[in-house]
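K.L.:
Quick one: this structure, given as structure tokens, is what I'll be asking you about.
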Amino acid sequence: MVSQLHSQTEQAQVIYPDSDGQPMANNTKQFRWIVVIQQNLDWLYANDPNVFVAGDLFWYPVEGKPKIVNAPDVMVVLGRPKGNRGSYQQWNEDNVAPQVVFEILSPGNTQEEMERKLLFYDRYGVQEYYIYNPDNNQLRGWIRAEEGLDTIASLSDWISPQLRIRFDLSGEELQIYHPHGTRFLSYTEINQQLEQERQRVQQAEEQLEQERQRAEAERQRAEAMEDLLRQYRDRFGELPE
């Protein structure tokens, strides 16, 4: 009994930090890509309450082992509810591991670091893993097979089996497309499109108002002509044929 209480006390004292004090990104380019991917995936699943999307969130796959941890730049968990979390503690999430993970490279990332991440994601159940280097427009990917994560041979027009998004590497920069064909957009691009749409609606409303004013002017002219004809008939009778 004493041994059991001691074990429970030790378990209660395990701390799972929410942060390591390191920045989310090392430069603006890396940060922009993290935000674009995370936000667009959030929008993709906005109406599905059971898809959790997070950026730079600590993922603890094993209870009682806080040193086994990683913080994917972006991760998607299908089958878990939306909501705020300090960290993703897998044993509190029906033991559902993130299925899709994205990492955006910066000059500070080392080969050894990325190899460790690949081993971590392989060991703890990730189904799809993508690494994008915005400096040279290089995208690498892995997909789970029978014996673990296997390299995806070609990512040209690759469609994610889990997310149904498409990757396009034909240009100078990676483009990602929603299942319905819309390109992943940045916050700035979305605002620009909203502003263009607002201006288009305003112009349409102005044109409608101009048409209404022209129609009103025509109506008033027609009424004036009717009034003149009525006055003529009252004074001279019917107009000759």
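Note on naming: chains are A, B, ... as they come in the structure tokens, residues start from 1 per chain, ligands start from 1 in the order shown.
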Write out as a ChimeraX atom specification which residues come within 8 Å of segment 92-99 of chain A when counting only C-alpha atoms, dropping same-chain ones fewer than 4 positions away.
P.N.:
/A:61,75-80,88,124-128,162
K.L.:
Just the selected residues (all heavy atoms), exported as an mmCIF file, in the first residue's frame, please.
P.N.:
data_model
loop_
_atom_site.group_PDB
_atom_site.id
_atom_site.type_symbol
_atom_site.label_atom_id
_atom_site.label_comp_id
_atom_site.auth_asym_id
_atom_site.auth_seq_id
_atom_site.Cartn_x
_atom_site.Cartn_y
_atom_site.Cartn_z
ATOM 1 N N PRO A 61 4.147 11.878 -26.345
ATOM 2 C CA PRO A 61 3.484 10.630 -26.714
ATOM 3 C C PRO A 61 3.391 9.602 -25.589
ATOM 4 O O PRO A 61 2.556 8.694 -25.649
ATOM 5 C CB PRO A 61 4.345 10.091 -27.864
ATOM 6 C CG PRO A 61 5.704 10.644 -27.591
ATOM 7 C CD PRO A 61 5.503 11.973 -26.936
ATOM 8 N N MET A 75 0.984 20.381 -36.885
ATOM 9 C CA MET A 75 0.516 19.000 -36.816
ATOM 10 C C MET A 75 -1.004 18.969 -36.924
ATOM 11 O O MET A 75 -1.699 19.914 -36.519
ATOM 12 C CB MET A 75 0.969 18.313 -35.529
ATOM 13 C CG MET A 75 0.364 18.837 -34.247
ATOM 14 S SD MET A 75 1.020 17.911 -32.806
ATOM 15 C CE MET A 75 -0.004 18.571 -31.489
ATOM 16 N N VAL A 76 -1.494 17.868 -37.497
ATOM 17 C CA VAL A 76 -2.929 17.673 -37.683
ATOM 18 C C VAL A 76 -3.309 16.359 -37.018
ATOM 19 O O VAL A 76 -2.684 15.319 -37.263
ATOM 20 C CB VAL A 76 -3.303 17.623 -39.179
ATOM 21 C CG1 VAL A 76 -4.811 17.465 -39.346
ATOM 22 C CG2 VAL A 76 -2.819 18.878 -39.895
ATOM 23 N N VAL A 77 -4.342 16.431 -36.180
ATOM 24 C CA VAL A 77 -4.829 15.234 -35.490
ATOM 25 C C VAL A 77 -6.285 15.019 -35.893
ATOM 26 O O VAL A 77 -7.174 15.763 -35.468
ATOM 27 C CB VAL A 77 -4.710 15.352 -33.962
ATOM 28 C CG1 VAL A 77 -4.937 13.988 -33.317
ATOM 29 C CG2 VAL A 77 -3.355 15.913 -33.545
ATOM 30 N N LEU A 78 -6.517 14.028 -36.724
ATOM 31 C CA LEU A 78 -7.873 13.691 -37.148
ATOM 32 C C LEU A 78 -8.522 12.823 -36.070
ATOM 33 O O LEU A 78 -7.933 11.838 -35.610
ATOM 34 C CB LEU A 78 -7.835 12.941 -38.474
ATOM 35 C CG LEU A 78 -7.089 13.642 -39.617
ATOM 36 C CD1 LEU A 78 -6.961 12.711 -40.814
ATOM 37 C CD2 LEU A 78 -7.781 14.931 -40.012
ATOM 38 N N GLY A 79 -9.713 13.212 -35.669
ATOM 39 C CA GLY A 79 -10.422 12.428 -34.666
ATOM 40 C C GLY A 79 -10.322 12.953 -33.251
ATOM 41 O O GLY A 79 -10.795 12.311 -32.313
ATOM 42 N N ARG A 80 -9.706 14.137 -33.079
ATOM 43 C CA ARG A 80 -9.645 14.752 -31.755
ATOM 44 C C ARG A 80 -10.306 16.125 -31.809
ATOM 45 O O ARG A 80 -10.196 16.839 -32.808
ATOM 46 C CB ARG A 80 -8.196 14.894 -31.272
ATOM 47 C CG ARG A 80 -7.500 13.576 -31.025
ATOM 48 C CD ARG A 80 -8.291 12.682 -30.081
ATOM 49 N NE ARG A 80 -8.501 13.310 -28.761
ATOM 50 C CZ ARG A 80 -9.490 12.989 -27.942
ATOM 51 N NH1 ARG A 80 -10.392 12.086 -28.291
ATOM 52 N NH2 ARG A 80 -9.584 13.581 -26.782
ATOM 53 N N TYR A 88 0.107 18.711 -26.238
ATOM 54 C CA TYR A 88 -0.676 17.567 -26.680
ATOM 55 C C TYR A 88 -0.147 16.336 -25.953
ATOM 56 O O TYR A 88 0.899 15.783 -26.306
ATOM 57 C CB TYR A 88 -0.576 17.395 -28.200
ATOM 58 C CG TYR A 88 -1.543 16.364 -28.739
ATOM 59 C CD1 TYR A 88 -2.858 16.709 -29.019
ATOM 60 C CD2 TYR A 88 -1.145 15.049 -28.955
ATOM 61 C CE1 TYR A 88 -3.763 15.763 -29.501
ATOM 62 C CE2 TYR A 88 -2.032 14.103 -29.431
ATOM 63 C CZ TYR A 88 -3.340 14.461 -29.710
ATOM 64 O OH TYR A 88 -4.232 13.526 -30.182
ATOM 65 N N TYR A 124 6.547 7.112 -33.199
ATOM 66 C CA TYR A 124 5.326 7.404 -32.456
ATOM 67 C C TYR A 124 4.088 7.582 -33.334
ATOM 68 O O TYR A 124 3.106 8.162 -32.914
ATOM 69 C CB TYR A 124 5.552 8.601 -31.540
ATOM 70 C CG TYR A 124 6.561 8.274 -30.460
ATOM 71 C CD1 TYR A 124 7.828 8.834 -30.470
ATOM 72 C CD2 TYR A 124 6.261 7.338 -29.478
ATOM 73 C CE1 TYR A 124 8.763 8.508 -29.497
ATOM 74 C CE2 TYR A 124 7.189 6.988 -28.501
ATOM 75 C CZ TYR A 124 8.441 7.577 -28.516
ATOM 76 O OH TYR A 124 9.367 7.227 -27.564
ATOM 77 N N GLY A 125 4.148 7.064 -34.559
ATOM 78 C CA GLY A 125 2.896 6.817 -35.284
ATOM 79 C C GLY A 125 2.448 7.830 -36.310
ATOM 80 O O GLY A 125 1.315 7.742 -36.799
ATOM 81 N N VAL A 126 3.279 8.814 -36.665
ATOM 82 C CA VAL A 126 2.880 9.774 -37.691
ATOM 83 C C VAL A 126 2.665 9.037 -39.015
ATOM 84 O O VAL A 126 3.459 8.159 -39.393
ATOM 85 C CB VAL A 126 3.952 10.881 -37.850
ATOM 86 C CG1 VAL A 126 3.698 11.724 -39.090
ATOM 87 C CG2 VAL A 126 3.970 11.763 -36.603
ATOM 88 N N GLN A 127 1.596 9.381 -39.724
ATOM 89 C CA GLN A 127 1.278 8.726 -40.993
ATOM 90 C C GLN A 127 1.912 9.431 -42.197
ATOM 91 O O GLN A 127 2.290 8.778 -43.175
ATOM 92 C CB GLN A 127 -0.247 8.688 -41.188
ATOM 93 C CG GLN A 127 -0.989 7.918 -40.107
ATOM 94 C CD GLN A 127 -0.627 6.453 -40.095
ATOM 95 O OE1 GLN A 127 -0.664 5.792 -41.132
ATOM 96 N NE2 GLN A 127 -0.279 5.936 -38.924
ATOM 97 N N GLU A 128 2.009 10.744 -42.128
ATOM 98 C CA GLU A 128 2.620 11.526 -43.207
ATOM 99 C C GLU A 128 3.507 12.606 -42.588
ATOM 100 O O GLU A 128 3.090 13.286 -41.645
ATOM 101 C CB GLU A 128 1.563 12.202 -44.084
ATOM 102 C CG GLU A 128 0.631 11.248 -44.806
ATOM 103 C CD GLU A 128 -0.447 11.998 -45.580
ATOM 104 O OE1 GLU A 128 -0.136 13.034 -46.208
ATOM 105 O OE2 GLU A 128 -1.618 11.549 -45.537
ATOM 106 N N GLN A 162 -4.194 11.668 -46.377
ATOM 107 C CA GLN A 162 -4.964 12.007 -45.183
ATOM 108 C C GLN A 162 -5.748 13.309 -45.349
ATOM 109 O O GLN A 162 -6.914 13.395 -44.956
ATOM 110 C CB GLN A 162 -4.027 12.140 -43.975
ATOM 111 C CG GLN A 162 -3.297 10.860 -43.595
ATOM 112 C CD GLN A 162 -4.166 9.885 -42.835
ATOM 113 O OE1 GLN A 162 -5.136 10.279 -42.193
ATOM 114 N NE2 GLN A 162 -3.819 8.612 -42.889
#
K.L.:
Name all residues at most 8 Å from segment 25-29 of chain A (count only C-alpha atoms; drop same-chain ones fewer than 6 positions away) and give them as a list of chain:residue names.
P.N.:
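Everything that qualifies: A:Ser106, A:Gly108, A:Pro134.
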K.L.:
Would you export the selected residues with C-alpha atoms as an mmCIF file, in the first residue's frame, please?
P.N.:
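New file part_4.cif:
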data_model
loop_
_atom_site.group_PDB
_atom_site.id
_atom_site.type_symbol
_atom_site.label_atom_id
_atom_site.label_comp_id
_atom_site.auth_asym_id
_atom_site.auth_seq_id
_atom_site.Cartn_x
_atom_site.Cartn_y
_atom_site.Cartn_z
ATOM 1 C CA SER A 106 15.638 27.330 -41.401
ATOM 2 C CA GLY A 108 19.625 26.841 -37.924
ATOM 3 C CA PRO A 134 11.802 27.628 -48.517
#
K.L.:
Take atom CA of Arg166 of chain A and atom CA of His178 of chain A and report the distance between them in Å, one decimal.
P.N.:
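We find that atom CA of Arg166 of chain A and atom CA of His178 of chain A lie 6.8 Å from each other.
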K.L.:
Just asking: which residues within segment 87-200 of chain A are alpha helix (DSSP H) according to DSSP, as a VMD selection string?
P.N.:
chain A and resid 111 to 123 187 to 200
K.L.:
Compile the contact shell of Gly141 of chain A as a ChimeraX atom specification: residues with an atom at most 10 Å away, counting only C-alpha atoms, same-chain residues fewer than 5 positions apart removed.
P.N.:
/A:101-102,128-132,149-155,158
K.L.:
A:Ile104, A:Pro81, A:Gln231, A:Gln13: which is nearest Ala46 of chain A, counting only C-alpha atoms?
P.N.:
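So, comparing all the options, the nearest one is A:Pro81.
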K.L.:
Out of A:Gly64, A:Gln30, A:Val35, A:Asn40, which residue has the shortest atom-to-atom distance to Trp91 of chain A when counting only C-alpha atoms?
P.N.:
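Of A:Gly64, A:Gln30, A:Val35, A:Asn40, the one nearest Trp91 of chain A is A:Gly64, counting only C-alpha atoms.
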K.L.:
Considering only C-alpha atoms, state which residue in the set A:Val74, A:Lys65, A:Ser156, A:Leu118 is at the smallest distance from Gln39 of chain A.
P.N.:
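Answer, going by the shortest atom-to-atom distance: A:Val74.
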K.L.:
If we count only C-alpha atoms, what is near Tyr177 of chain A at a cut-off of 10 Å, once residues fewer than 4 positions away on the same chain are taken out, given as an MDAnalysis selection string?
P.N.:
chainID A and resid 40 157 159 164:168 181:185
K.L.:
Could you pull out the strand (DSSP E) residues of segment 13-126 of chain A from DSSP and send them as a list in words?
P.N.:
Val51, Phe52, Val53, Ala54, Gly55, Trp59, Tyr60, Val74, Met75, Val76, Val77, Leu78, Tyr88, Gln89, Val100, Val101, Phe102, Glu103 and Ile104 of chain A
